[in-house]
Amino acid sequence: MAVDDRTETAGESAADGAGTGTGTGTAAGATAGTGRPSVEISRRRLLGTVGAAGAGGLALGAVGGAAGYAAAQPEPGPGLSSLGSSSVAFTGEHQPGITTPLQARGHLIAFDLAPGAGRKEAVALLRRWSSTARRLMEGRTAAHDTAIALDAGPSSLTVTFGFGHSFFGRAGLDKQRPFALDPLPAFSSDHLDAKRSNGDLWIQIGADDALVAFDALRALQQEAGDAARVRWQMNGFNRSPGATEKPMTTRNLMGQIDGTNNPKESESDFAKRIFVPSDGAADPAWMAGGSYAVVRRIRMLLDDWEKLSLTDQEKVIGRKKSDGAPLTGGSEDTEPALDKTGPDGKLVIASDAHARISRPDQNGGAAMLRRPFSFHDGYDTDGVPEAGLLFVCWQADPMRGFVPVQRKLDRGDALSAFIRHEASGLFAVPGGARDGEYVGQRLLES
Ligand SMILES: C=CC1=C(C)c2cc3[nH]c(cc4nc(cc5[nH]c(cc1n2)c(C)c5CCC(=O)O)C(CCC(=O)O)=C4C)c(C)c3C=C
Ligand SMILES: [Fe+2]
């Protein structure tokens with residue numbers, strides 16, 4: 001949906017002047033106790049000014065900061081593109097960032113409650129985080145804003161919160177811990193780094209603008225305050241909207257079209273597969289409308305992968321690299337002919353092809369919604385790219401989603417020679433906040 005005029009809160013009205021083009025572009029004054037300047041303004045209001053000023057935003061840089069901004073002559077501007085103006089609702093049956101189309105930027109961050117912090121601190125933290133997530137997703141500023149995203153619209157920002165297994169003991173909520181959060185089994189191909197795995201609390205941030213995404217990451221990390229400490233943090237990306245001639249399924253860093261056969265919202269069993277039932281049958285009740293996120297940092301062994309011929313690469317997956325069509329023919333959306341054999345009598349889609357053995361019909365119906373981000377963290381000392389997939393998948397129950405499929409992949413996936421699972425997390429992601437609620441309220445106030 002396109003961003004609209006914003007209703008200013010009482011807290012924002014004091015800073016209105018900063019957003020109306022009076023000259024500074026930032027509010028004077030400081031936020032009590034932080035020493036940091038308070039930029040408590042609506043991004044939309046500032047955008048109104050920038051829109052009226054046309055190239056004023058550019059003039060800001062060109063002629064030197066706030067003074068240049070004030071001097072810019074008003075000219076009609078093109079306004080926000082749909083990339084900047086699109087926003088996602090914070091409230092709803094489900095949290096945002098699960099069925100939201102993939103965004104161009106992603107940050108994953110896990111926290112542990114600080115020593116001595118418990119349920120009371122967690123309640124205050126989730127209240128703060130929810131309030132900030134809502135504001136930023138609407139294109140408003142955070143309570144203590146840094147100006148990083150000041151000129152941008154909401155840019156499809158989503159913020160999604162989850163609870164890890166260890167949270168429940170620390171918060172005195174053991175009885176509320178779902179069995180579905182029991183630790184994932186070990187897989188023979190695991191090379192997991194415990195320090196970059198799991199955590200009490202998890203946040204997934206996605207946005208189509210890098211500064212909007214980082215702004216949210218920074219705001220939420222700062223607001224953790226004394227209540228929680230960062231355990232690990234990972235950064236990812238996908239294709240930017242509009243980068244291709246027509247909208248299409250994204251590619252991963254192996255060059256494959258990735259996401260084709262994801263469950264579709266239009267399918268009758270979609271909700272049952274991805275979300276914990278909202279009809280009162282959920283156990284525990286606070287997870288109604290929620291979902292379980294499995295997060296795996298999967299390194300791609302790109303030097304080895306890129307040595308394969310195109311034919312061999314396609315054999316590993318069972319689909320064509322160019323358009324994602326099954327090797328048995330057709331286009332991306334064609335159902336693969338799994339039994340089809342070639343002139344040599346062998347299966348056209350090999351018995352160990354990744355896209356064959358990960359299918360629900362090869363795994364007792366197990367299905368998940370894959371919603372990954374690619375990552376690239378530079379090169380190691382040998383010049384090998386530290387790159388791959390921040391694999392995030394969503395399901396109503398990991399034992400009927402990720403676990404059986406990963407077990408099967410572990411036993412004989414042609415892709416496994418080219419990937420390495422380096423970190424892992426499992427998080428209970430409660431249903432979306434209702435109006436006036438914070439995320440996790442039904443757990444924390446149960
Ligand atoms: C345990 C679950 C899975 C892991 C881990 C996984 C890693 C992984 N996958 C690719 C690339 C592709 N995967 C594709 C399909 C696919 N993968 C999984 C599950 C896991 N993948 C499923 C359930 C499916 C869909 C199967 C089906 O129903 O047809 C494809 C094909 C295109 C598509 O449907 O998306 C590609 C390509 C990589 C690179 C990777 C680890 C780095
Ligand atoms: Fe896959």
# chains A, B, ... in the order shown; residues from 1 in each chain; ligands from 1
>>> select_by_dssp(residues="segment 393-445 of chain A", states="strand (DSSP E or B)", output="PyMOL selection string")
chain A and resi 393-395+419-429
>>> residues_near_ligand(ligand="ligand 2", cutoff="12 Å", atoms="only C-alpha atoms and all ligand atoms", output="PyMOL selection string")
chain A and resi 251-252+254+256-262+296+298+316-319+353-359+367-372+389-393+402+405-406+408-409+413-416+419
>>> write_last_selection(atoms="N, CA and C atoms", output="compact mmCIF listing (two decimals), in the first residue's frame")
# COMPACT_ATOMS: atom_id res chain seq x y z
N ARG A 251 17.18 -14.89 -7.63
CA ARG A 251 18.28 -15.86 -7.79
C ARG A 251 19.13 -15.85 -6.53
N ASN A 252 19.79 -16.97 -6.26
CA ASN A 252 20.74 -17.03 -5.16
C ASN A 252 22.16 -16.85 -5.71
N MET A 254 24.44 -18.93 -6.21
CA MET A 254 24.87 -19.98 -7.16
C MET A 254 24.27 -19.70 -8.53
N GLN A 256 21.07 -19.76 -9.26
CA GLN A 256 19.81 -20.49 -9.51
C GLN A 256 18.60 -19.64 -9.16
N ILE A 257 17.54 -19.85 -9.91
CA ILE A 257 16.25 -19.29 -9.53
C ILE A 257 15.78 -20.08 -8.31
N ASP A 258 15.54 -19.38 -7.22
CA ASP A 258 15.34 -20.06 -5.92
C ASP A 258 14.07 -19.55 -5.26
N GLY A 259 13.11 -20.43 -5.10
CA GLY A 259 11.84 -20.05 -4.47
C GLY A 259 10.63 -20.47 -5.30
N THR A 260 10.91 -21.08 -6.44
CA THR A 260 9.84 -21.43 -7.38
C THR A 260 8.71 -22.22 -6.73
N ASN A 261 9.07 -23.33 -6.12
CA ASN A 261 8.03 -24.24 -5.65
C ASN A 261 7.69 -24.03 -4.17
N ASN A 262 7.77 -22.77 -3.74
CA ASN A 262 7.33 -22.44 -2.39
C ASN A 262 5.82 -22.63 -2.30
N ARG A 296 19.20 -20.89 9.11
CA ARG A 296 20.48 -21.59 8.90
C ARG A 296 21.38 -20.68 8.07
N ILE A 298 24.04 -20.79 5.64
CA ILE A 298 24.59 -21.86 4.79
C ILE A 298 25.63 -21.26 3.86
N VAL A 316 22.57 -31.13 -10.46
CA VAL A 316 22.56 -31.08 -8.99
C VAL A 316 21.20 -30.65 -8.48
N ILE A 317 20.59 -29.69 -9.14
CA ILE A 317 19.31 -29.16 -8.67
C ILE A 317 18.14 -29.88 -9.32
N GLY A 318 18.27 -30.20 -10.62
CA GLY A 318 17.15 -30.81 -11.34
C GLY A 318 16.33 -29.78 -12.08
N ARG A 319 16.83 -28.57 -12.13
CA ARG A 319 16.15 -27.48 -12.85
C ARG A 319 17.18 -26.71 -13.68
N ALA A 353 18.82 -35.31 -7.03
CA ALA A 353 18.67 -33.88 -7.36
C ALA A 353 17.95 -33.16 -6.22
N HIS A 354 18.48 -32.00 -5.85
CA HIS A 354 17.96 -31.27 -4.69
C HIS A 354 16.47 -30.99 -4.80
N ALA A 355 16.03 -30.56 -5.97
CA ALA A 355 14.61 -30.19 -6.12
C ALA A 355 13.70 -31.41 -6.17
N ARG A 356 14.26 -32.60 -6.34
CA ARG A 356 13.44 -33.82 -6.27
C ARG A 356 13.27 -34.22 -4.80
N ILE A 357 14.39 -34.33 -4.09
CA ILE A 357 14.29 -34.97 -2.77
C ILE A 357 13.79 -34.01 -1.68
N SER A 358 13.70 -32.72 -1.99
CA SER A 358 13.17 -31.78 -0.98
C SER A 358 11.66 -31.57 -1.12
N ARG A 359 11.05 -32.22 -2.09
CA ARG A 359 9.62 -32.01 -2.34
C ARG A 359 8.74 -32.59 -1.22
N ALA A 367 6.43 -29.57 4.47
CA ALA A 367 6.55 -28.37 3.64
C ALA A 367 6.91 -27.17 4.50
N MET A 368 7.54 -26.21 3.87
CA MET A 368 7.94 -24.97 4.56
C MET A 368 7.91 -23.83 3.56
N LEU A 369 7.81 -22.62 4.09
CA LEU A 369 7.90 -21.43 3.23
C LEU A 369 9.33 -20.92 3.34
N ARG A 370 10.09 -21.03 2.24
CA ARG A 370 11.48 -20.56 2.26
C ARG A 370 11.52 -19.08 1.96
N ARG A 371 12.20 -18.31 2.82
CA ARG A 371 12.25 -16.86 2.63
C ARG A 371 13.66 -16.38 2.98
N PRO A 372 14.62 -16.72 2.14
CA PRO A 372 16.02 -16.48 2.50
C PRO A 372 16.55 -15.11 2.06
N LEU A 389 23.78 -18.41 1.79
CA LEU A 389 22.35 -18.18 1.96
C LEU A 389 22.02 -18.10 3.45
N LEU A 390 21.38 -17.00 3.85
CA LEU A 390 20.76 -16.97 5.18
C LEU A 390 19.39 -17.60 4.97
N PHE A 391 19.37 -18.92 5.14
CA PHE A 391 18.17 -19.70 4.85
C PHE A 391 17.19 -19.52 6.00
N VAL A 392 16.07 -18.88 5.74
CA VAL A 392 15.02 -18.72 6.76
C VAL A 392 13.79 -19.43 6.21
N CYS A 393 13.26 -20.38 6.97
CA CYS A 393 12.04 -21.04 6.51
C CYS A 393 11.01 -21.05 7.63
N PHE A 402 10.95 -28.32 8.33
CA PHE A 402 12.40 -28.36 8.09
C PHE A 402 13.03 -29.70 8.44
N VAL A 405 12.79 -32.79 6.06
CA VAL A 405 13.40 -32.48 4.75
C VAL A 405 14.93 -32.42 4.90
N GLN A 406 15.40 -31.77 5.96
CA GLN A 406 16.85 -31.68 6.15
C GLN A 406 17.45 -33.07 6.42
N LYS A 408 16.38 -35.81 5.10
CA LYS A 408 16.48 -36.44 3.77
C LYS A 408 17.68 -35.85 3.00
N LEU A 409 17.82 -34.52 3.04
CA LEU A 409 18.93 -33.88 2.32
C LEU A 409 20.27 -34.38 2.87
N ASP A 413 21.86 -35.51 -0.75
CA ASP A 413 21.51 -34.39 -1.62
C ASP A 413 22.73 -34.06 -2.47
N ALA A 414 22.56 -34.03 -3.78
CA ALA A 414 23.69 -33.71 -4.66
C ALA A 414 24.26 -32.32 -4.35
N LEU A 415 23.43 -31.46 -3.75
CA LEU A 415 23.89 -30.09 -3.45
C LEU A 415 24.83 -30.06 -2.24
N SER A 416 24.79 -31.09 -1.41
CA SER A 416 25.50 -30.98 -0.11
C SER A 416 27.01 -30.89 -0.28
N ILE A 419 27.77 -26.96 -0.21
CA ILE A 419 27.27 -26.06 0.84
C ILE A 419 27.76 -26.55 2.21
>>> residues_around(residues="Arg170 of chain A", least_positions_apart="4", cutoff="9 Å", atoms="only C-alpha atoms", output="NGL selection string")
:A and (113 or 116-119 or 166 or 174 or 200)
>>> closest_residue(among="A:Gln204, A:Ser374, A:Gln395, A:Ser351", to="Phe111 of chain A", atoms="only C-alpha atoms")
A:Gln204
>>> closest_residue(among="A:Ala285, A:Leu253, A:Lys307, A:Asp435", to="ligand 1", atoms="only C-alpha atoms and all ligand atoms")
A:Leu253
>>> residues_around(residues="segment 276-279 of chain A", least_positions_apart="6", cutoff="9 Å", atoms="only C-alpha atoms", output="PDB file with N, CA and C atoms, in the first residue's frame")
ATOM      1  N   GLU A  93      -3.161 -10.666  11.929  1.00  0.00           N
ATOM      2  CA  GLU A  93      -3.208 -12.018  12.489  1.00  0.00           C
ATOM      3  C   GLU A  93      -1.797 -12.623  12.617  1.00  0.00           C
ATOM      4  N   ALA A 285      -1.595 -21.692  23.682  1.00  0.00           N
ATOM      5  CA  ALA A 285      -2.555 -20.765  23.079  1.00  0.00           C
ATOM      6  C   ALA A 285      -1.894 -19.478  22.586  1.00  0.00           C
ATOM      7  N   MET A 287       0.642 -19.055  20.940  1.00  0.00           N
ATOM      8  CA  MET A 287       1.245 -19.186  19.601  1.00  0.00           C
ATOM      9  C   MET A 287       0.203 -19.160  18.471  1.00  0.00           C
ATOM     10  N   ALA A 288      -1.078 -18.985  18.805  1.00  0.00           N
ATOM     11  CA  ALA A 288      -2.105 -18.934  17.752  1.00  0.00           C
ATOM     12  C   ALA A 288      -1.752 -17.851  16.733  1.00  0.00           C
ATOM     13  N   GLY A 289      -1.778 -18.225  15.476  1.00  0.00           N
ATOM     14  CA  GLY A 289      -1.443 -17.263  14.413  1.00  0.00           C
ATOM     15  C   GLY A 289       0.057 -17.099  14.212  1.00  0.00           C
ATOM     16  N   GLY A 290       0.834 -17.808  15.032  1.00  0.00           N
ATOM     17  CA  GLY A 290       2.288 -17.691  14.928  1.00  0.00           C
ATOM     18  C   GLY A 290       2.874 -18.701  13.957  1.00  0.00           C
ATOM     19  N   SER A 291       4.193 -18.756  13.922  1.00  0.00           N
ATOM     20  CA  SER A 291       4.892 -19.672  13.022  1.00  0.00           C
ATOM     21  C   SER A 291       6.272 -19.946  13.639  1.00  0.00           C
ATOM     22  N   TYR A 292       6.921 -20.997  13.206  1.00  0.00           N
ATOM     23  CA  TYR A 292       8.272 -21.303  13.678  1.00  0.00           C
ATOM     24  C   TYR A 292       9.265 -20.998  12.566  1.00  0.00           C
ATOM     25  N   GLN A 395       7.199 -22.476   9.163  1.00  0.00           N
ATOM     26  CA  GLN A 395       6.303 -23.631   9.199  1.00  0.00           C
ATOM     27  C   GLN A 395       5.525 -23.635  10.511  1.00  0.00           C
ATOM     28  N   ALA A 396       4.386 -24.342  10.469  1.00  0.00           N
ATOM     29  CA  ALA A 396       3.549 -24.463  11.663  1.00  0.00           C
ATOM     30  C   ALA A 396       4.198 -25.350  12.700  1.00  0.00           C
ATOM     31  N   ASP A 397       5.077 -26.252  12.246  1.00  0.00           N
ATOM     32  CA  ASP A 397       5.747 -27.183  13.158  1.00  0.00           C
ATOM     33  C   ASP A 397       7.036 -27.655  12.484  1.00  0.00           C
ATOM     34  N   PRO A 430       5.453 -15.445  17.547  1.00  0.00           N
ATOM     35  CA  PRO A 430       4.021 -15.397  17.867  1.00  0.00           C
ATOM     36  C   PRO A 430       3.223 -14.687  16.786  1.00  0.00           C
ATOM     37  N   GLY A 431       1.902 -14.807  16.902  1.00  0.00           N
ATOM     38  CA  GLY A 431       1.030 -14.116  15.956  1.00  0.00           C
ATOM     39  C   GLY A 431       1.250 -12.607  16.005  1.00  0.00           C
TER      40      GLY A 431
END
>>> closest_residue(among="A:Asp151, A:Asp145, A:Asp304, A:Asp361", to="ligand 1", atoms="only C-alpha atoms and all ligand atoms")
A:Asp361
>>> closest_residue(among="A:Phe179, A:Tyr438, A:Tyr379, A:Trp305", to="ligand 1", atoms="only C-alpha atoms and all ligand atoms")
A:Trp305
